[in-house]
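Reproduced below: coords_33.csv, with CSV, C-alpha atoms (C1' of nucleotides).
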```
chain,number,residue,atom,x,y,z
Z,1,MET,CA,0.0,0.0,0.0
Z,2,PRO,CA,2.5,2.6,0.9
Z,3,GLU,CA,3.4,4.9,-1.9
Z,4,LEU,CA,5.8,7.8,-1.5
Z,5,PRO,CA,3.8,9.9,1.0
Z,6,GLU,CA,3.1,6.9,3.2
Z,7,CYS,CA,6.8,5.9,3.1
Z,8,GLU,CA,7.9,9.4,4.0
Z,9,ARG,CA,5.6,9.3,6.9
Z,10,GLY,CA,7.2,6.0,7.9
Z,11,ARG,CA,10.6,7.6,7.5
Z,12,LYS,CA,9.6,10.3,10.0
Z,13,ILE,CA,8.3,7.8,12.5
Z,14,ALA,CA,11.6,5.9,12.3
Z,15,GLU,CA,13.6,9.1,12.5
Z,16,SER,CA,11.9,10.4,15.6
Z,17,ALA,CA,12.2,7.0,17.3
Z,18,ALA,CA,15.8,6.2,16.4
Z,19,LEU,CA,17.8,9.2,15.2
Z,20,GLY,CA,20.9,9.7,17.4
Z,21,ARG,CA,20.1,6.7,19.5
Z,22,ARG,CA,22.0,3.4,19.9
Z,23,ILE,CA,20.4,0.2,19.0
Z,24,GLU,CA,20.8,-1.8,22.2
Z,25,SER,CA,19.2,-5.0,20.8
Z,26,LEU,CA,17.0,-6.4,18.1
Z,27,VAL,CA,14.3,-9.1,18.0
Z,28,CYS,CA,14.2,-10.6,14.5
Z,29,ALA,CA,11.5,-12.9,13.2
Z,30,GLU,CA,12.3,-16.0,11.3
Z,31,ASP,CA,11.4,-15.1,7.8
Z,32,ASP,CA,13.4,-16.1,4.7
Z,33,ILE,CA,11.2,-14.1,2.3
Z,34,VAL,CA,11.1,-10.6,3.9
Z,35,TYR,CA,14.8,-10.9,4.9
Z,36,ASP,CA,16.3,-10.7,1.4
Z,37,GLY,CA,19.9,-11.7,1.0
Z,38,VAL,CA,20.6,-11.6,4.7
Z,39,ALA,CA,19.8,-14.0,7.5
Z,40,PRO,CA,18.0,-12.6,10.5
Z,41,GLU,CA,20.9,-13.5,12.7
Z,42,ALA,CA,23.4,-11.7,10.4
Z,43,PHE,CA,21.1,-8.7,10.3
Z,44,GLU,CA,20.9,-8.6,14.1
Z,45,ARG,CA,24.7,-8.8,14.4
Z,46,ALA,CA,25.1,-5.9,11.9
Z,47,LEU,CA,22.9,-3.5,13.8
Z,48,ARG,CA,23.3,-4.4,17.5
Z,49,GLY,CA,25.3,-1.8,19.3
Z,50,ARG,CA,25.3,0.7,16.4
Z,51,ARG,CA,24.1,4.3,16.6
Z,52,VAL,CA,21.6,5.7,14.1
Z,53,THR,CA,23.0,8.8,12.4
Z,54,ALA,CA,20.3,9.4,9.8
Z,55,VAL,CA,17.1,7.9,8.4
Z,56,LYS,CA,16.7,8.5,4.6
Z,57,ARG,CA,14.3,7.7,1.9
Z,58,ARG,CA,14.3,7.5,-1.9
Z,59,GLY,CA,11.1,6.4,-3.7
Z,60,LYS,CA,9.6,3.7,-1.6
Z,61,HIS,CA,12.9,2.6,0.0
Z,62,ILE,CA,14.0,3.7,3.5
Z,63,TRP,CA,17.4,3.2,5.0
Z,64,PHE,CA,19.2,4.0,8.2
Z,65,GLU,CA,22.7,5.4,8.3
Z,66,LEU,CA,24.7,4.0,11.2
Z,67,ASP,CA,28.0,4.7,12.8
Z,68,ALA,CA,29.3,1.5,11.0
Z,69,ARG,CA,28.4,-0.2,7.8
Z,70,PRO,CA,26.6,-2.1,6.4
Z,71,TRP,CA,23.3,-0.3,6.8
Z,72,PRO,CA,19.7,-1.6,6.9
Z,73,LEU,CA,17.4,-1.0,3.9
Z,74,PHE,CA,13.6,-1.4,4.2
Z,75,HIS,CA,10.8,-1.7,1.6
Z,76,PHE,CA,7.2,-1.8,2.8
Z,77,GLY,CA,5.7,-3.8,-0.1
Z,78,MET,CA,2.0,-3.7,0.0
Z,79,THR,CA,1.5,-3.9,3.7
Z,80,GLY,CA,4.6,-2.7,5.5
Z,81,ALA,CA,4.9,-0.1,8.2
Z,82,PHE,CA,7.1,1.3,10.9
Z,83,ARG,CA,5.4,1.3,14.3
Z,84,VAL,CA,6.1,2.6,17.7
Z,85,PRO,CA,4.3,1.8,20.9
Z,86,GLY,CA,1.1,3.8,21.4
Z,87,GLU,CA,0.7,5.1,17.9
Z,88,ASP,CA,-1.9,4.0,15.3
Z,89,ALA,CA,-0.6,2.1,12.3
Z,90,LEU,CA,-0.3,3.7,8.9
Z,91,PRO,CA,-3.9,4.0,7.8
Z,92,LEU,CA,-3.7,1.2,5.3
Z,93,ALA,CA,-6.9,0.0,3.6
Z,94,THR,CA,-6.2,-3.6,4.6
Z,95,GLY,CA,-3.2,-3.3,6.8
Z,96,PRO,CA,-2.9,-4.7,10.3
Z,97,ARG,CA,-4.6,-2.8,13.1
Z,98,VAL,CA,-3.3,-3.2,16.6
Z,99,GLY,CA,-4.5,-1.6,19.8
Z,100,GLU,CA,-2.3,0.7,21.8
Z,101,THR,CA,-1.6,-2.0,24.4
Z,102,ASP,CA,-0.4,-4.6,21.9
Z,103,TRP,CA,3.3,-4.7,21.6
Z,104,PRO,CA,5.1,-5.9,19.6
Z,105,PRO,CA,2.5,-5.6,16.8
Z,106,ARG,CA,1.3,-8.6,14.8
Z,107,PHE,CA,3.5,-9.3,11.8
Z,108,THR,CA,6.6,-7.7,13.3
Z,109,LYS,CA,9.6,-8.7,11.3
Z,110,VAL,CA,12.2,-6.8,13.3
Z,111,GLU,CA,11.9,-4.9,16.6
Z,112,LEU,CA,14.6,-2.4,17.5
Z,113,ARG,CA,15.2,-1.7,21.1
Z,114,LEU,CA,16.8,1.7,21.4
Z,115,GLU,CA,18.8,3.3,24.2
Z,116,GLY,CA,16.5,5.2,26.5
Z,117,GLY,CA,13.8,2.5,26.2
Z,118,GLY,CA,12.4,3.5,22.8
Z,119,ARG,CA,11.0,0.8,20.5
Z,120,LEU,CA,10.5,0.6,16.7
Z,121,ALA,CA,9.0,-2.2,14.8
Z,122,PHE,CA,8.9,-3.0,11.1
Z,123,THR,CA,5.8,-4.9,10.3
Z,124,ASN,CA,4.8,-6.8,7.1
Z,125,ALA,CA,1.6,-8.8,7.0
Z,126,ARG,CA,1.7,-10.1,3.4
Z,127,ARG,CA,5.4,-10.5,3.2
Z,128,LEU,CA,5.9,-8.6,0.0
Z,129,GLY,CA,8.1,-6.1,1.9
Z,130,ARG,CA,11.9,-6.6,2.1
Z,131,ILE,CA,14.7,-6.1,4.7
Z,132,ARG,CA,18.1,-5.8,3.2
Z,133,LEU,CA,21.7,-4.9,4.2
Z,134,ARG,CA,23.8,-2.7,2.0
Z,135,HIS,CA,27.2,-1.2,2.3
Z,136,ASP,CA,26.2,2.0,0.5
Z,137,PRO,CA,22.4,1.9,-0.3
Z,138,GLU,CA,22.3,4.9,-2.6
Z,139,THR,CA,24.9,3.5,-5.0
Z,140,GLU,CA,23.7,-0.1,-5.0
Z,141,ALA,CA,20.6,-1.9,-6.3
Z,142,PRO,CA,17.8,-1.5,-5.9
Z,143,ILE,CA,18.1,2.2,-5.2
Z,144,SER,CA,20.6,2.8,-7.9
Z,145,HIS,CA,18.0,1.7,-10.4
Z,146,LEU,CA,15.4,4.2,-9.4
Z,147,GLY,CA,14.4,7.2,-11.4
Z,148,PHE,CA,13.9,10.7,-10.0
Z,149,ASP,CA,12.1,11.0,-6.6
Z,150,PRO,CA,9.3,13.6,-7.3
Z,151,LEU,CA,9.7,15.0,-3.8
Z,152,LEU,CA,13.5,15.2,-3.6
Z,153,ASP,CA,14.4,16.0,-7.2
Z,154,LEU,CA,11.5,16.6,-9.7
Z,155,PRO,CA,13.2,17.3,-13.0
Z,156,SER,CA,12.8,20.5,-14.9
Z,157,PRO,CA,10.0,20.7,-17.4
Z,158,LYS,CA,12.5,20.2,-20.2
Z,159,ALA,CA,14.2,17.2,-18.6
Z,160,PHE,CA,10.9,15.7,-17.8
Z,161,ALA,CA,9.7,16.1,-21.3
Z,162,THR,CA,12.8,14.5,-22.7
Z,163,ARG,CA,12.5,11.4,-20.5
Z,164,LEU,CA,8.8,11.0,-21.2
Z,165,ALA,CA,9.3,11.2,-24.9
Z,166,ARG,CA,11.7,8.3,-24.7
Z,167,ARG,CA,8.9,6.0,-23.4
Z,168,SER,CA,6.5,4.3,-25.8
Z,169,GLY,CA,4.3,2.6,-23.1
Z,170,ARG,CA,1.1,3.8,-21.7
Z,171,VAL,CA,1.5,6.8,-19.6
Z,172,LYS,CA,0.0,5.1,-16.5
Z,173,GLY,CA,2.5,2.3,-16.8
Z,174,VAL,CA,5.4,4.8,-17.2
Z,175,LEU,CA,4.3,6.6,-14.0
Z,176,LEU,CA,4.3,3.3,-12.2
Z,177,ASP,CA,7.8,2.4,-13.4
Z,178,GLN,CA,10.1,3.0,-10.5
Z,179,SER,CA,13.0,3.6,-12.8
Z,180,PHE,CA,11.1,6.5,-14.2
Z,181,ALA,CA,9.6,8.1,-11.1
Z,182,ALA,CA,10.5,6.5,-7.8
Z,183,GLY,CA,7.7,6.4,-5.3
Z,184,VAL,CA,4.6,6.6,-7.6
Z,185,GLY,CA,2.1,3.9,-7.0
Z,186,ASN,CA,-1.4,3.1,-8.2
Z,187,TRP,CA,-3.5,5.7,-6.5
Z,188,ILE,CA,-1.0,8.5,-7.2
Z,189,ALA,CA,-0.7,7.6,-10.8
Z,190,ASP,CA,-4.5,7.7,-11.2
Z,191,GLU,CA,-4.8,11.0,-9.2
Z,192,VAL,CA,-2.1,12.7,-11.2
Z,193,LEU,CA,-3.6,11.6,-14.6
Z,194,TYR,CA,-7.1,12.7,-13.4
Z,195,GLN,CA,-5.9,16.1,-12.3
Z,196,ALA,CA,-3.8,16.5,-15.5
Z,197,GLY,CA,-6.8,15.5,-17.7
Z,198,ILE,CA,-4.9,12.7,-19.5
Z,199,ASP,CA,-6.3,9.4,-20.5
Z,200,PRO,CA,-4.2,6.7,-18.7
Z,201,ARG,CA,-4.1,4.6,-21.9
Z,202,ARG,CA,-2.3,7.2,-23.9
Z,203,ARG,CA,1.3,6.4,-25.0
Z,204,ALA,CA,3.7,8.6,-23.1
Z,205,CYS,CA,5.6,9.7,-26.2
Z,206,ASP,CA,2.3,10.9,-27.7
Z,207,LEU,CA,1.6,13.6,-25.1
Z,208,ASP,CA,1.9,17.2,-26.4
Z,209,ASP,CA,3.8,19.9,-24.7
Z,210,ALA,CA,0.9,21.3,-22.7
Z,211,GLU,CA,0.0,17.8,-21.5
Z,212,THR,CA,3.5,17.0,-20.6
Z,213,ARG,CA,3.8,20.2,-18.5
Z,214,ARG,CA,0.5,19.5,-16.8
Z,215,LEU,CA,1.6,15.9,-16.0
Z,216,ARG,CA,4.9,17.1,-14.4
Z,217,ALA,CA,3.2,19.8,-12.4
Z,218,LYS,CA,0.4,17.6,-11.1
Z,219,LEU,CA,2.9,14.9,-10.2
Z,220,GLY,CA,4.8,17.4,-8.0
Z,221,HIS,CA,1.6,18.9,-6.7
Z,222,VAL,CA,-0.1,15.7,-5.6
Z,223,ILE,CA,2.9,14.3,-3.9
Z,224,ARG,CA,3.9,17.5,-2.1
Z,225,ARG,CA,0.3,17.9,-0.9
Z,226,ALA,CA,0.0,14.3,0.3
Z,227,VAL,CA,3.3,14.6,2.2
Z,228,ALA,CA,2.3,18.0,3.6
Z,229,VAL,CA,-0.7,16.3,5.3
Z,230,ASN,CA,1.5,13.4,6.5
Z,231,ALA,CA,-0.3,11.0,4.1
Z,232,GLU,CA,-3.4,11.2,6.2
Z,233,LYS,CA,-6.2,10.5,3.7
Z,234,SER,CA,-8.9,12.4,5.5
Z,235,ARG,CA,-6.8,15.5,5.0
Z,236,PHE,CA,-6.4,15.1,1.2
Z,237,PRO,CA,-8.4,17.8,-0.7
Z,238,ARG,CA,-12.0,16.8,-1.0
Z,239,THR,CA,-11.9,17.2,-4.8
Z,240,TRP,CA,-9.3,14.5,-5.2
Z,241,LEU,CA,-10.3,11.4,-7.1
Z,242,PHE,CA,-8.7,9.4,-4.3
Z,243,HIS,CA,-11.8,9.6,-2.1
Z,244,ARG,CA,-14.1,8.1,-4.6
Z,245,ARG,CA,-12.1,5.6,-6.5
Z,246,TRP,CA,-12.6,2.6,-4.3
Z,247,GLY,CA,-14.8,-0.5,-4.6
Z,248,LYS,CA,-15.6,-0.2,-8.3
Z,249,VAL,CA,-19.0,1.0,-7.2
Z,250,ALA,CA,-21.5,1.2,-9.9
Z,251,ASN,CA,-22.4,4.9,-10.6
Z,252,ALA,CA,-19.4,6.2,-8.7
Z,253,ARG,CA,-18.9,9.9,-9.5
Z,254,THR,CA,-16.4,12.6,-8.8
Z,255,SER,CA,-17.2,15.5,-6.5
Z,256,SER,CA,-18.4,17.4,-9.5
Z,257,GLY,CA,-20.7,14.6,-10.7
Z,258,ASP,CA,-18.7,13.0,-13.5
Z,259,PRO,CA,-18.9,9.2,-13.8
Z,260,ILE,CA,-15.8,7.2,-12.7
Z,261,GLU,CA,-14.9,4.2,-14.7
Z,262,HIS,CA,-12.6,1.3,-13.8
Z,263,ILE,CA,-10.4,-0.4,-16.3
Z,264,THR,CA,-7.1,-2.3,-16.3
Z,265,VAL,CA,-4.1,-0.4,-17.6
Z,266,ALA,CA,-0.5,-1.7,-17.4
Z,267,GLY,CA,-1.8,-4.6,-15.4
Z,268,ARG,CA,-3.3,-2.5,-12.7
Z,269,THR,CA,-6.9,-1.5,-11.7
Z,270,THR,CA,-7.3,2.0,-12.9
Z,271,ALA,CA,-9.9,4.5,-11.9
Z,272,TRP,CA,-10.5,7.4,-14.4
Z,273,VAL,CA,-13.0,9.9,-15.5
Z,274,PRO,CA,-13.7,9.8,-19.2
Z,275,ALA,CA,-15.5,13.2,-19.2
Z,276,ARG,CA,-12.3,14.9,-17.9
Z,277,GLN,CA,-9.4,12.8,-19.3
Z,278,SER,CA,-8.5,12.6,-22.9
F,279,DC,C1',-15.1,-20.0,-0.6
F,280,DT,C1',-13.3,-16.7,-3.8
F,281,DC,C1',-10.7,-12.9,-5.0
F,282,DA,C1',-8.8,-8.1,-5.2
F,283,DG,C1',-4.9,-5.6,-3.8
F,284,DT,C1',-1.6,2.1,-2.5
F,285,DG,C1',4.1,-3.5,-5.0
F,286,DT,C1',8.0,-5.7,-7.3
F,287,DT,C1',10.3,-9.1,-10.1
F,288,DC,C1',11.0,-12.1,-13.8
F,289,DA,C1',10.1,-15.0,-17.9
F,290,DG,C1',8.4,-14.5,-22.3
F,291,DT,C1',7.8,-11.7,-26.4
F,292,DG,C1',8.5,-8.2,-29.9
Y,293,DT,C1',19.6,-4.4,-25.5
Y,294,DC,C1',15.5,-2.2,-24.8
Y,295,DA,C1',10.8,-2.2,-23.6
Y,296,DC,C1',6.4,-4.0,-22.6
Y,297,DT,C1',3.1,-7.6,-20.7
Y,298,DG,C1',1.3,-10.8,-17.7
Y,299,DA,C1',2.0,-14.1,-14.2
Y,300,DA,C1',3.9,-15.1,-9.8
Y,301,DC,C1',4.8,-14.0,-5.3
Y,302,DA,C1',2.1,-14.2,-0.2
Y,303,DC,C1',-1.8,-13.8,2.5
Y,304,DT,C1',-5.3,-10.8,4.7
Y,305,DG,C1',-9.8,-9.0,4.8
Y,306,DA,C1',-14.0,-8.3,2.4
```
Kindly transcribe the structure held in the file into structure tokens.
Amino acid sequence: MPELPECERGRKIAESAALGRRIESLVCAEDDIVYDGVAPEAFERALRGRRVTAVKRRGKHIWFELDARPWPLFHFGMTGAFRVPGEDALPLATGPRVGETDWPPRFTKVELRLEGGGRLAFTNARRLGRIRLRHDPETEAPISHLGFDPLLDLPSPKAFATRLARRSGRVKGVLLDQSFAAGVGNWIADEVLYQAGIDPRRRACDLDDAETRRLRAKLGHVIRRAVAVNAEKSRFPRTWLFHRRWGKVANARTSSGDPIEHITVAGRTTAWVPARQS
DNA sequence: CTCAGTGTTCAGTG
DNA sequence: TCACTGAACACTGA
């Protein structure tokens, strides 16, 4: 579930819990799927006793910088989250819900016990998330394969147009491609295309100059706005398609009364508004 | 019981 | 090699 804004919220949760603190111990679950390329025991040895000097994000990947390498790298997949005691989970549509008194949460894959008594858990119910170890995450796969992060480095209109023109696939599929724009997922792609007035089935290289400029501007706008409200859906503007795209409800309409249709584009369920997108 | 799903990867194809 | 498509992955909640 988590796309860029939800991941940024997770980064902030981890940062406020762990930045500047020493990891006194870890509790690692046995899981040879979520732990990718590193055994839980080796992960534990790499982090125990280390101090957290930064918590960073690019696209949907989050990593910790420590006072010694290698460093841990996390991906939430569809259902991952960082949790601390006494806080609600990321408001996932189908994610785990745990009462304030439950700790560690269900589906915890690693719990960090920090100096001063703080706790931070990485949870992952459907096991599509990943825990990795990297010597230098930014220069190694998978982060080195990512495209621009729309929050950190949205390209200039000219550079954006150049990259888009190189792509012959459907514009929705291009937006979802992490090597094009890192952090965009299904709901952001639909929201951006709706607000830009572009049919998701159009081929990226066929967009004209005005459409390309609108697409870039809305991509930056939607993500900045979602991050500004800490990815809390109830605080997204009421006019956003987001609030009305779910359930494939017959007769679903936008806030201005236009019918919403659901189709499959680039292999993903796509909500769009034919009256507003061409 | 069945199936979609705020994601990623890989085999197969062009 | 590049690029795209669809299936697989895993499993909860509706």
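Closest approach to chain Y from the set Z:Ala275, Z:Ala266, Z:Ala29, Z:Leu133 is made by Z:Ala266, with distances taken over only C-alpha atoms (C1' of nucleotides).
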Checklist entry - Which neighbours of Gly129 in chain Z fall inside 10 Å, counting only C-alpha atoms (C1' of nucleotides), when residues of the same chain fewer than 6 positions from it are skipped, and could you give them as a ChimeraX atom specification? => result /Z:33-36,74-81,109,122-123 /F:285-286
Next on the checklist: Give me, as number ranges by chain, the residues of chain Z touching chain F, with the criterion being at most 7 Å (counting all atoms listed in the file).
Outcome noted: Z: 1-3, 77-78, 185-187
Checklist entry - For chain Y, which residue out of Z:Arg127, Z:Arg203, Z:His262, Z:Arg268 is the nearest one, using all atoms listed in the file? => result Z:Arg127
Checklist entry - Using only C-alpha atoms (C1' of nucleotides), which chain Y residues lie at most 7 Å away from chain Z, written as a PyMOL selection string? => result chain Y and resi 296+302-303+305
